[in-house]
file structure33.pdb (PDB, C-alpha atoms)
ATOM      1  CA  MET A  13       2.692  57.842  83.052  1.00  0.00           C
ATOM      2  CA  PHE A  14       5.910  59.795  83.649  1.00  0.00           C
ATOM      3  CA  PRO A  15       8.419  57.578  85.527  1.00  0.00           C
ATOM      4  CA  TYR A  16      10.999  60.374  85.521  1.00  0.00           C
ATOM      5  CA  LEU A  17      11.436  63.958  84.405  1.00  0.00           C
ATOM      6  CA  LEU A  18      13.813  64.651  81.555  1.00  0.00           C
ATOM      7  CA  THR A  19      16.858  66.758  82.223  1.00  0.00           C
ATOM      8  CA  PRO A  20      17.261  69.800  79.937  1.00  0.00           C
ATOM      9  CA  SER A  21      20.011  67.988  78.023  1.00  0.00           C
ATOM     10  CA  ALA A  22      17.861  64.898  77.420  1.00  0.00           C
ATOM     11  CA  TYR A  23      14.887  67.056  76.425  1.00  0.00           C
ATOM     12  CA  ASN A  24      16.978  68.951  73.878  1.00  0.00           C
ATOM     13  CA  LYS A  25      18.259  65.709  72.338  1.00  0.00           C
ATOM     14  CA  ARG A  26      14.748  64.295  71.981  1.00  0.00           C
ATOM     15  CA  LEU A  27      13.466  67.570  70.594  1.00  0.00           C
ATOM     16  CA  ARG A  28      16.162  67.669  67.908  1.00  0.00           C
ATOM     17  CA  ARG A  29      15.478  64.032  66.963  1.00  0.00           C
ATOM     18  CA  ALA A  30      11.797  64.899  66.575  1.00  0.00           C
ATOM     19  CA  ALA A  31      12.462  67.737  64.091  1.00  0.00           C
ATOM     20  CA  VAL A  32      11.232  65.737  61.088  1.00  0.00           C
ATOM     21  CA  LEU A  33       8.052  64.729  62.936  1.00  0.00           C
ATOM     22  CA  VAL A  34       7.391  68.341  63.918  1.00  0.00           C
ATOM     23  CA  ALA A  35       7.704  69.423  60.279  1.00  0.00           C
ATOM     24  CA  VAL A  36       5.404  66.607  59.105  1.00  0.00           C
ATOM     25  CA  ALA A  37       2.792  67.439  61.753  1.00  0.00           C
ATOM     26  CA  LEU A  38       2.914  71.111  60.777  1.00  0.00           C
ATOM     27  CA  GLY A  39       2.299  70.318  57.120  1.00  0.00           C
ATOM     28  CA  ASP A  40      -0.522  67.890  57.972  1.00  0.00           C
ATOM     29  CA  LEU A  41      -2.332  70.371  60.222  1.00  0.00           C
ATOM     30  CA  ALA A  42      -2.012  73.134  57.639  1.00  0.00           C
ATOM     31  CA  ALA A  43      -3.617  70.943  54.971  1.00  0.00           C
ATOM     32  CA  ARG A  44      -6.534  70.087  57.302  1.00  0.00           C
ATOM     33  CA  ALA A  45      -7.483  73.663  58.198  1.00  0.00           C
ATOM     34  CA  PRO A  46     -10.259  75.296  56.116  1.00  0.00           C
ATOM     35  CA  SER A  47      -8.060  78.352  55.457  1.00  0.00           C
ATOM     36  CA  TRP A  48      -5.767  76.102  53.413  1.00  0.00           C
ATOM     37  CA  TRP A  49      -8.263  76.540  50.569  1.00  0.00           C
ATOM     38  CA  ASP A  50      -8.380  80.329  50.784  1.00  0.00           C
ATOM     39  CA  GLU A  51      -7.189  82.230  47.729  1.00  0.00           C
ATOM     40  CA  LEU A  52      -5.017  84.570  49.833  1.00  0.00           C
ATOM     41  CA  ARG A  53      -1.453  83.974  51.033  1.00  0.00           C
ATOM     42  CA  LEU A  54       0.650  86.317  53.177  1.00  0.00           C
ATOM     43  CA  VAL A  55       4.427  86.340  52.823  1.00  0.00           C
ATOM     44  CA  ASP A  56       6.974  88.181  54.929  1.00  0.00           C
ATOM     45  CA  SER A  57      10.071  87.716  57.074  1.00  0.00           C
ATOM     46  CA  THR A  58      11.099  88.562  60.618  1.00  0.00           C
ATOM     47  CA  PRO A  59      14.416  88.442  62.526  1.00  0.00           C
ATOM     48  CA  VAL A  60      15.292  85.430  64.673  1.00  0.00           C
ATOM     49  CA  PRO A  61      18.202  86.677  66.832  1.00  0.00           C
ATOM     50  CA  CYS A  62      20.640  84.035  68.068  1.00  0.00           C
ATOM     51  CA  ALA A  63      23.333  86.046  69.902  1.00  0.00           C
ATOM     52  CA  ALA A  64      23.655  89.389  71.636  1.00  0.00           C
ATOM     53  CA  SER A  65      27.415  89.810  72.039  1.00  0.00           C
ATOM     54  CA  ARG A  66      30.422  89.725  69.710  1.00  0.00           C
ATOM     55  CA  GLU A  67      32.093  87.042  71.851  1.00  0.00           C
ATOM     56  CA  THR A  68      29.067  84.760  71.524  1.00  0.00           C
ATOM     57  CA  VAL A  69      29.005  85.295  67.768  1.00  0.00           C
ATOM     58  CA  HIS A  70      32.620  84.157  67.390  1.00  0.00           C
ATOM     59  CA  ARG A  71      32.269  80.964  69.435  1.00  0.00           C
ATOM     60  CA  SER A  72      28.715  80.032  68.410  1.00  0.00           C
ATOM     61  CA  ASP A  73      28.044  76.738  66.601  1.00  0.00           C
ATOM     62  CA  LEU A  74      25.872  78.829  64.265  1.00  0.00           C
ATOM     63  CA  ALA A  75      28.883  80.665  62.859  1.00  0.00           C
ATOM     64  CA  GLY A  76      28.953  80.184  59.102  1.00  0.00           C
ATOM     65  CA  HIS A  77      25.172  79.813  58.949  1.00  0.00           C
ATOM     66  CA  ALA A  78      23.776  82.871  60.732  1.00  0.00           C
ATOM     67  CA  GLY A  79      24.737  86.446  59.896  1.00  0.00           C
ATOM     68  CA  TYR A  80      24.180  90.109  60.654  1.00  0.00           C
ATOM     69  CA  GLY A  81      21.012  91.802  59.491  1.00  0.00           C
ATOM     70  CA  TYR A  82      18.966  94.936  60.075  1.00  0.00           C
ATOM     71  CA  CYS A  83      15.433  95.026  61.448  1.00  0.00           C
ATOM     72  CA  LYS A  84      13.644  98.050  59.951  1.00  0.00           C
ATOM     73  CA  SER A  85      10.616  97.851  62.252  1.00  0.00           C
ATOM     74  CA  HIS A  86      12.770  98.096  65.393  1.00  0.00           C
ATOM     75  CA  HIS A  87      15.650 100.083  63.836  1.00  0.00           C
ATOM     76  CA  ARG A  88      18.304  97.708  65.155  1.00  0.00           C
ATOM     77  CA  TYR A  89      20.911  95.250  63.944  1.00  0.00           C
ATOM     78  CA  PHE A  90      20.833  91.613  64.965  1.00  0.00           C
ATOM     79  CA  TRP A  91      22.847  88.429  64.480  1.00  0.00           C
ATOM     80  CA  GLY A  92      20.968  85.299  63.570  1.00  0.00           C
ATOM     81  CA  PHE A  93      18.514  84.293  60.866  1.00  0.00           C
ATOM     82  CA  ARG A  94      15.442  85.623  59.146  1.00  0.00           C
ATOM     83  CA  LEU A  95      12.297  83.535  59.319  1.00  0.00           C
ATOM     84  CA  TYR A  96      10.275  83.567  56.096  1.00  0.00           C
ATOM     85  CA  VAL A  97       6.663  82.435  56.295  1.00  0.00           C
ATOM     86  CA  LEU A  98       4.009  81.868  53.658  1.00  0.00           C
ATOM     87  CA  ALA A  99       0.735  81.912  55.569  1.00  0.00           C
ATOM     88  CA  ALA A 100      -3.002  81.838  55.008  1.00  0.00           C
ATOM     89  CA  GLY A 101      -5.044  84.922  55.808  1.00  0.00           C
ATOM     90  CA  ASP A 102      -5.699  83.728  59.376  1.00  0.00           C
ATOM     91  CA  GLY A 103      -1.952  83.300  60.038  1.00  0.00           C
ATOM     92  CA  LEU A 104      -1.834  79.529  59.413  1.00  0.00           C
ATOM     93  CA  PRO A 105       1.773  78.660  58.411  1.00  0.00           C
ATOM     94  CA  ILE A 106       1.718  77.013  54.975  1.00  0.00           C
ATOM     95  CA  ALA A 107       5.462  77.068  54.234  1.00  0.00           C
ATOM     96  CA  TRP A 108       8.491  78.499  56.013  1.00  0.00           C
ATOM     97  CA  CYS A 109      12.257  78.582  56.030  1.00  0.00           C
ATOM     98  CA  LEU A 110      15.207  80.098  57.873  1.00  0.00           C
ATOM     99  CA  ALA A 111      17.856  81.996  55.934  1.00  0.00           C
ATOM    100  CA  THR A 112      20.879  84.142  56.631  1.00  0.00           C
ATOM    101  CA  PRO A 113      20.025  87.871  56.558  1.00  0.00           C
ATOM    102  CA  LYS A 114      22.737  88.306  53.923  1.00  0.00           C
ATOM    103  CA  LEU A 115      20.370  86.890  51.310  1.00  0.00           C
ATOM    104  CA  GLY A 116      17.768  89.093  49.654  1.00  0.00           C
ATOM    105  CA  GLU A 117      14.062  88.624  50.381  1.00  0.00           C
ATOM    106  CA  ARG A 118      13.147  87.929  46.772  1.00  0.00           C
ATOM    107  CA  GLU A 119      15.907  85.339  46.446  1.00  0.00           C
ATOM    108  CA  VAL A 120      14.786  83.415  49.527  1.00  0.00           C
ATOM    109  CA  VAL A 121      11.052  83.572  48.777  1.00  0.00           C
ATOM    110  CA  ALA A 122      11.675  82.513  45.176  1.00  0.00           C
ATOM    111  CA  ALA A 123      13.468  79.406  46.467  1.00  0.00           C
ATOM    112  CA  MET A 124      10.676  78.741  48.980  1.00  0.00           C
ATOM    113  CA  LEU A 125       7.983  79.025  46.308  1.00  0.00           C
ATOM    114  CA  ASP A 126       9.942  76.685  44.049  1.00  0.00           C
ATOM    115  CA  HIS A 127      10.129  74.142  46.878  1.00  0.00           C
ATOM    116  CA  GLU A 128       6.362  74.479  47.456  1.00  0.00           C
ATOM    117  CA  ARG A 129       5.361  74.652  43.784  1.00  0.00           C
ATOM    118  CA  ALA A 130       3.371  71.408  43.993  1.00  0.00           C
ATOM    119  CA  ARG A 131       1.112  72.982  46.630  1.00  0.00           C
ATOM    120  CA  LEU A 132       0.613  76.342  44.895  1.00  0.00           C
ATOM    121  CA  ARG A 133      -2.806  76.495  43.267  1.00  0.00           C
ATOM    122  CA  PRO A 134      -3.616  78.696  40.274  1.00  0.00           C
ATOM    123  CA  GLY A 135      -5.481  81.826  41.284  1.00  0.00           C
ATOM    124  CA  LEU A 136      -3.660  82.452  44.555  1.00  0.00           C
ATOM    125  CA  LEU A 137      -3.146  86.069  45.586  1.00  0.00           C
ATOM    126  CA  ILE A 138       0.164  86.527  47.438  1.00  0.00           C
ATOM    127  CA  LEU A 139       0.333  89.651  49.598  1.00  0.00           C
ATOM    128  CA  GLY A 140       3.835  90.941  50.367  1.00  0.00           C
ATOM    129  CA  ASP A 141       5.666  94.186  51.123  1.00  0.00           C
ATOM    130  CA  LYS A 142       7.698  96.637  49.044  1.00  0.00           C
ATOM    131  CA  GLY A 143      10.771  94.435  49.311  1.00  0.00           C
ATOM    132  CA  PHE A 144       9.263  92.127  46.707  1.00  0.00           C
ATOM    133  CA  ALA A 145       9.098  94.810  44.036  1.00  0.00           C
ATOM    134  CA  GLY A 146      10.541  93.853  40.669  1.00  0.00           C
ATOM    135  CA  ARG A 147       9.267  92.639  37.317  1.00  0.00           C
ATOM    136  CA  ASP A 148      11.310  89.446  37.444  1.00  0.00           C
ATOM    137  CA  PHE A 149       9.843  88.417  40.789  1.00  0.00           C
ATOM    138  CA  GLU A 150       6.274  89.222  39.696  1.00  0.00           C
ATOM    139  CA  GLU A 151       6.797  87.120  36.575  1.00  0.00           C
ATOM    140  CA  LEU A 152       8.151  84.281  38.708  1.00  0.00           C
ATOM    141  CA  VAL A 153       5.011  84.366  40.887  1.00  0.00           C
ATOM    142  CA  ALA A 154       2.833  84.517  37.778  1.00  0.00           C
ATOM    143  CA  GLY A 155       4.601  81.405  36.519  1.00  0.00           C
ATOM    144  CA  TYR A 156       2.927  79.465  39.345  1.00  0.00           C
ATOM    145  CA  GLY A 157      -0.482  80.796  38.329  1.00  0.00           C
ATOM    146  CA  ALA A 158      -0.525  83.252  41.253  1.00  0.00           C
ATOM    147  CA  ARG A 159      -0.531  87.034  41.471  1.00  0.00           C
ATOM    148  CA  LEU A 160       1.622  89.250  43.666  1.00  0.00           C
ATOM    149  CA  LEU A 161      -0.001  92.148  45.526  1.00  0.00           C
ATOM    150  CA  ARG A 162       2.295  94.647  47.269  1.00  0.00           C
ATOM    151  CA  PRO A 163       2.314  98.328  48.300  1.00  0.00           C
ATOM    152  CA  ASP A 164       3.385 100.872  45.718  1.00  0.00           C
ATOM    153  CA  ARG A 165       6.874 102.301  45.916  1.00  0.00           C
ATOM    154  CA  SER A 166       7.363 106.063  45.831  1.00  0.00           C
ATOM    155  CA  ASP A 167       9.187 105.895  42.485  1.00  0.00           C
ATOM    156  CA  GLU A 168       6.487 104.051  40.519  1.00  0.00           C
ATOM    157  CA  PRO A 169       2.969 104.852  39.239  1.00  0.00           C
ATOM    158  CA  HIS A 170       0.004 104.305  41.554  1.00  0.00           C
ATOM    159  CA  ARG A 171      -1.385 100.774  41.403  1.00  0.00           C
ATOM    160  CA  HIS A 172      -2.531  99.526  44.810  1.00  0.00           C
ATOM    161  CA  GLY A 173      -1.603 102.267  47.289  1.00  0.00           C
ATOM    162  CA  SER A 174      -0.071 101.541  50.706  1.00  0.00           C
ATOM    163  CA  LEU A 175      -2.274  98.484  51.511  1.00  0.00           C
ATOM    164  CA  GLY A 176      -1.811  99.407  55.164  1.00  0.00           C
ATOM    165  CA  ARG A 177      -4.970  97.664  56.348  1.00  0.00           C
ATOM    166  CA  TRP A 178      -4.078  94.381  54.686  1.00  0.00           C
ATOM    167  CA  ARG A 179      -0.388  94.600  55.556  1.00  0.00           C
ATOM    168  CA  GLN A 180      -1.450  94.731  59.206  1.00  0.00           C
ATOM    169  CA  TRP A 181      -2.559  91.094  58.904  1.00  0.00           C
ATOM    170  CA  ILE A 182       1.034  90.063  58.298  1.00  0.00           C
ATOM    171  CA  GLU A 183       2.445  92.176  61.109  1.00  0.00           C
ATOM    172  CA  SER A 184      -0.119  90.834  63.581  1.00  0.00           C
ATOM    173  CA  THR A 185       0.748  87.202  62.793  1.00  0.00           C
ATOM    174  CA  PHE A 186       4.426  87.846  63.545  1.00  0.00           C
ATOM    175  CA  THR A 187       3.442  89.673  66.739  1.00  0.00           C
ATOM    176  CA  THR A 188       1.621  86.529  67.881  1.00  0.00           C
ATOM    177  CA  ARG A 189       4.697  84.400  67.200  1.00  0.00           C
ATOM    178  CA  LYS A 190       7.015  86.779  69.029  1.00  0.00           C
ATOM    179  CA  ASP A 191       4.924  87.826  72.019  1.00  0.00           C
ATOM    180  CA  GLN A 192       2.867  84.754  72.887  1.00  0.00           C
ATOM    181  CA  LEU A 193       5.010  81.993  71.382  1.00  0.00           C
ATOM    182  CA  GLY A 194       8.402  83.482  72.304  1.00  0.00           C
ATOM    183  CA  LEU A 195       9.911  83.238  68.835  1.00  0.00           C
ATOM    184  CA  GLU A 196      12.884  85.446  69.719  1.00  0.00           C
ATOM    185  CA  ARG A 197      13.421  83.536  72.988  1.00  0.00           C
ATOM    186  CA  HIS A 198      13.989  80.196  71.311  1.00  0.00           C
ATOM    187  CA  ARG A 199      17.348  79.500  73.088  1.00  0.00           C
ATOM    188  CA  GLY A 200      18.621  77.377  70.219  1.00  0.00           C
ATOM    189  CA  ARG A 201      22.411  77.068  70.176  1.00  0.00           C
ATOM    190  CA  THR A 202      22.940  74.778  67.173  1.00  0.00           C
ATOM    191  CA  LEU A 203      21.552  74.783  63.641  1.00  0.00           C
ATOM    192  CA  ALA A 204      19.327  71.774  64.399  1.00  0.00           C
ATOM    193  CA  GLY A 205      18.285  73.319  67.707  1.00  0.00           C
ATOM    194  CA  VAL A 206      17.216  76.635  66.181  1.00  0.00           C
ATOM    195  CA  TYR A 207      15.348  74.841  63.393  1.00  0.00           C
ATOM    196  CA  VAL A 208      13.254  72.618  65.638  1.00  0.00           C
ATOM    197  CA  ARG A 209      12.556  75.350  68.204  1.00  0.00           C
ATOM    198  CA  VAL A 210      11.225  77.631  65.492  1.00  0.00           C
ATOM    199  CA  ALA A 211       9.273  74.732  63.994  1.00  0.00           C
ATOM    200  CA  GLN A 212       7.635  73.810  67.307  1.00  0.00           C
ATOM    201  CA  ARG A 213       6.385  77.388  67.702  1.00  0.00           C
ATOM    202  CA  LEU A 214       4.908  77.358  64.211  1.00  0.00           C
ATOM    203  CA  LEU A 215       3.328  73.986  65.001  1.00  0.00           C
ATOM    204  CA  ALA A 216       1.785  75.389  68.178  1.00  0.00           C
ATOM    205  CA  LEU A 217       0.271  78.253  66.186  1.00  0.00           C
ATOM    206  CA  ALA A 218      -1.008  75.890  63.480  1.00  0.00           C
ATOM    207  CA  ALA A 219      -2.551  73.600  66.107  1.00  0.00           C
ATOM    208  CA  ALA A 220      -4.330  76.518  67.782  1.00  0.00           C
ATOM    209  CA  ILE A 221      -5.681  77.843  64.480  1.00  0.00           C
ATOM    210  CA  TRP A 222      -6.830  74.365  63.391  1.00  0.00           C
ATOM    211  CA  TRP A 223      -8.580  73.762  66.721  1.00  0.00           C
ATOM    212  CA  ASN A 224     -10.206  77.209  66.685  1.00  0.00           C
ATOM    213  CA  TRP A 225     -11.707  76.277  63.341  1.00  0.00           C
ATOM    214  CA  GLU A 226     -12.948  72.988  64.839  1.00  0.00           C
ATOM    215  CA  ILE A 227     -14.707  74.742  67.737  1.00  0.00           C
ATOM    216  CA  ALA A 228     -15.886  77.665  65.589  1.00  0.00           C
ATOM    217  CA  ALA A 229     -13.995  80.257  67.626  1.00  0.00           C
ATOM    218  CA  PRO A 230     -14.537  83.771  66.251  1.00  0.00           C
ATOM    219  CA  ASP A 231     -10.819  84.675  66.251  1.00  0.00           C
ATOM    220  CA  LYS A 232      -8.917  81.836  64.617  1.00  0.00           C
ATOM    221  CA  ARG A 233      -5.459  83.072  65.645  1.00  0.00           C
ATOM    222  CA  SER A 234      -6.353  83.765  69.268  1.00  0.00           C
ATOM    223  CA  LEU A 235      -4.197  81.875  71.788  1.00  0.00           C
ATOM    224  CA  VAL A 236      -5.787  83.368  74.901  1.00  0.00           C
ATOM    225  CA  ALA A 237      -7.555  80.134  75.844  1.00  0.00           C
ATOM    226  CA  TYR A 238      -4.260  78.200  75.667  1.00  0.00           C
ATOM    227  CA  ASP A 239      -1.842  80.805  77.050  1.00  0.00           C
ATOM    228  CA  HIS A 240      -1.223  79.349  80.525  1.00  0.00           C
TER
END

call {"tool": "encode", "arguments": {"input": "structure33.pdb", "output": "structure tokens"}}
result
Amino acid sequence: MFPYLLTPSAYNKRLRRAAVLVAVALGDLAARAPSWWDELRLVDSTPVPCAASRETVHRSDLAGHAGYGYCKSHHRYFWGFRLYVLAAGDGLPIAWCLATPKLGEREVVAAMLDHERARLRPGLLILGDKGFAGRDFEELVAGYGARLLRPDRSDEPHRHGSLGRWRQWIESTFTTRKDQLGLERHRGRTLAGVYVRVAQRLLALAAAIWWNWEIAAPDKRSLVAYDH
């Protein structure tokens, strides 16, 4: 079945050529999972570092696309992209994009929602963090028939509180992508390479969640059975 083993260079070329197929498969699996019909969506972003030294930054093929950003959860700066994900409550990736950290969260998510507007159903509850505060952004979400739920800021009246328990859902989904799927160890060196390597990790997560639904596994985001 396998007359020869691909060299790393040949594998990378085939992987980049398959980027469109990976994206199509991801969208198809997401639409087949039962959690697609849930009324809850989680939205957040996480760093995708692409270089660790100033010399690499200057000679990288990603120069002009990636940028410097700050990761609040780890209190560190990074150079690369931010991955934005709109997910179901079980972590199933519904929509995603990569953006330079120089762009604001609301700006990027607004563009992502506009791109996905045909798949946004009225009545959806979108759970985000404090970074999505703002009347304009809430009105934009309401324009799609959805409602934004986020923690209260310290300078505004009490509405929903800290939402710590529910916010943990979002953090745990990114932990799965980073720890078990090696999101930050993608090794992409070009724009196309980073894109498809992030996409294949999201596809792996979507496939695991879809299959866990098929076999009625109690934890739909668990990858323990496939982590070998």

call {"tool": "atom_distance", "arguments": {"input": "structure33.pdb", "atom1": "CA of Ser72 in chain A", "atom2": "CA of Ala107 in chain A"}}
result
27.4 Å

call {"tool": "atom_distance", "arguments": {"input": "structure33.pdb", "atom1": "CA of Leu203 in chain A", "atom2": "CA of Ile106 in chain A"}}
result
21.8 Å

call {"tool": "closest_residue", "arguments": {"input": "structure33.pdb", "among": "A:Ala145, A:Leu95, A:Ala37, A:Leu136", "to": "Arg118 in chain A", "atoms": "all atoms listed in the file"}}
result
A:Ala145

call {"tool": "resolve_selection", "arguments": {"input": "structure33.pdb", "expression": "the PyMOL selection byres ((chain A and resi 216) around 12)", "output": "PyMOL selection string"}}
result
chain A and resi 34-35+37-38+41-42+103-105+188-189+192-195+209-215+217-223+233-235+238-239

call {"tool": "closest_residue", "arguments": {"input": "structure33.pdb", "among": "A:Arg179, A:Val120, A:Lys84, A:Glu128", "to": "Phe149 in chain A", "atoms": "all atoms listed in the file"}}
result
A:Val120
